[in-house]
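Novice: The structure follows.
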Amino acid sequence: QVQLVESGGGLVQPGGSLRLSCAVSGGFFSGNAMGWFRQAPGKERELVALFSTGGSRNYADSVKGRFTISRDNAERTVDLQMNSLKPEDTATYYCNLRMFGVNFWGKGTLVTVSA
């Protein structure tokens, strides 16, 4: 059984930083695409950052230069370092693992950027 558990969300002021972490249990971790998505109230879920199956990193234009995705295959974790946060980054952030054509999701962690 594959489980993804996110942590690290919270309230931060504009310009601040947060680090999200996703721990994966079950399934195959290495070599699979993994990433972070987010969903703001009233909006569709969108890609934030992704490790492709080939290992390349991809970012949404809105977060390039501010967010960094990293993964530790030994620890089975994928992290998202978020710097220079803006109010428009406010959303629930979800960890995603794509394995054998199936998407697995965590329950999400809320990030609120507000003064």
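All residue names refer to the structure tokens as shown: chains lettered A, B, ... in order, residues numbered from 1 in each chain, ligands numbered from 1 in order.
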Write out as a list in words the residues lying within 6 Å of region 16-28 of chain A, counting only C-alpha atoms and excluding same-chain residues fewer than 5 positions away.
Specialist: Gln1, Val2, Gln3, Leu4, Val5, Glu6, Ser7, Gly8, Arg76, Thr77, Val78, Asp79, Leu80, Gln81, Met82, Asn83, Ser84 and Leu85 of chain A
Novice: Skip region 62-65 of chain A itself and residues of its chain fewer than 3 positions away, then list as a PyMOL selection string all residues within 9 Å of it, counting only C-alpha atoms.
Specialist: chain A and resi 48-49+58-59+68+82-83+89
Novice: Pull the strand (DSSP E) assignments for chain A out of DSSP run on the backbone, and list those residues as a ChimeraX atom specification.
Specialist: /A:3-7,10-12,18-25,33-39,46-51,57-59,67-72,77-82,91-99,102-105,109-113
Novice: Please list as a PDB file with N, CA, C and O atoms, in the first residue's frame every residue within 12 Å of Gly101 (chain A), counting only C-alpha atoms and excluding residues in the same chain fewer than 5 positions away.
Specialist:
```pdb
ATOM      1  N   ASN A  32      10.744   6.840 -10.297  1.00  0.00           N
ATOM      2  CA  ASN A  32       9.384   7.275 -10.611  1.00  0.00           C
ATOM      3  C   ASN A  32       9.283   8.789 -10.531  1.00  0.00           C
ATOM      4  O   ASN A  32      10.003   9.433  -9.775  1.00  0.00           O
ATOM      5  N   ALA A  33       8.369   9.337 -11.297  1.00  0.00           N
ATOM      6  CA  ALA A  33       8.143  10.773 -11.249  1.00  0.00           C
ATOM      7  C   ALA A  33       7.507  11.151  -9.917  1.00  0.00           C
ATOM      8  O   ALA A  33       6.582  10.483  -9.446  1.00  0.00           O
ATOM      9  N   THR A  53      10.701  11.148 -14.659  1.00  0.00           N
ATOM     10  CA  THR A  53      11.278   9.813 -14.543  1.00  0.00           C
ATOM     11  C   THR A  53      12.742   9.808 -14.950  1.00  0.00           C
ATOM     12  O   THR A  53      13.514   8.990 -14.479  1.00  0.00           O
TER      13      THR A  53
END
```
Novice: So how many Å separate CA of Phe51 (chain A) and CA of Gly10 (chain A), to one decimal?
Specialist: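 CA of Gly10 (chain A) lies at a distance of 23.9 Å from CA of Phe51 (chain A).
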Novice: Could you tell me how far CA of Pro41 (chain A) sits from CA of Lys107 (chain A), in Å to one decimal place?
Specialist: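 Calculated distance between CA of Lys107 (chain A) and CA of Pro41 (chain A) is 15.4 Å.
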Novice: Which residues come within 10 Å of Glu46 (chain A), counting only C-alpha atoms, excluding same-chain residues fewer than 4 positions away, as a ChimeraX atom specification?
Specialist: /A:36-40,60,93-94
Novice: Here is a test: counting only C-alpha atoms, which residue of A:Gly15, A:Gly42, A:Gly108, A:Gly31 is nearest to Thr92 (chain A)?
Specialist: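 So, comparing all the options, the nearest one is A:Gly108.
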Novice: What is the CA of Gln13 (chain A) to CA of Leu97 (chain A) distance in Å?
Specialist: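 Atom-to-atom, CA of Gln13 (chain A) and CA of Leu97 (chain A) are spaced 29.5 Å apart.
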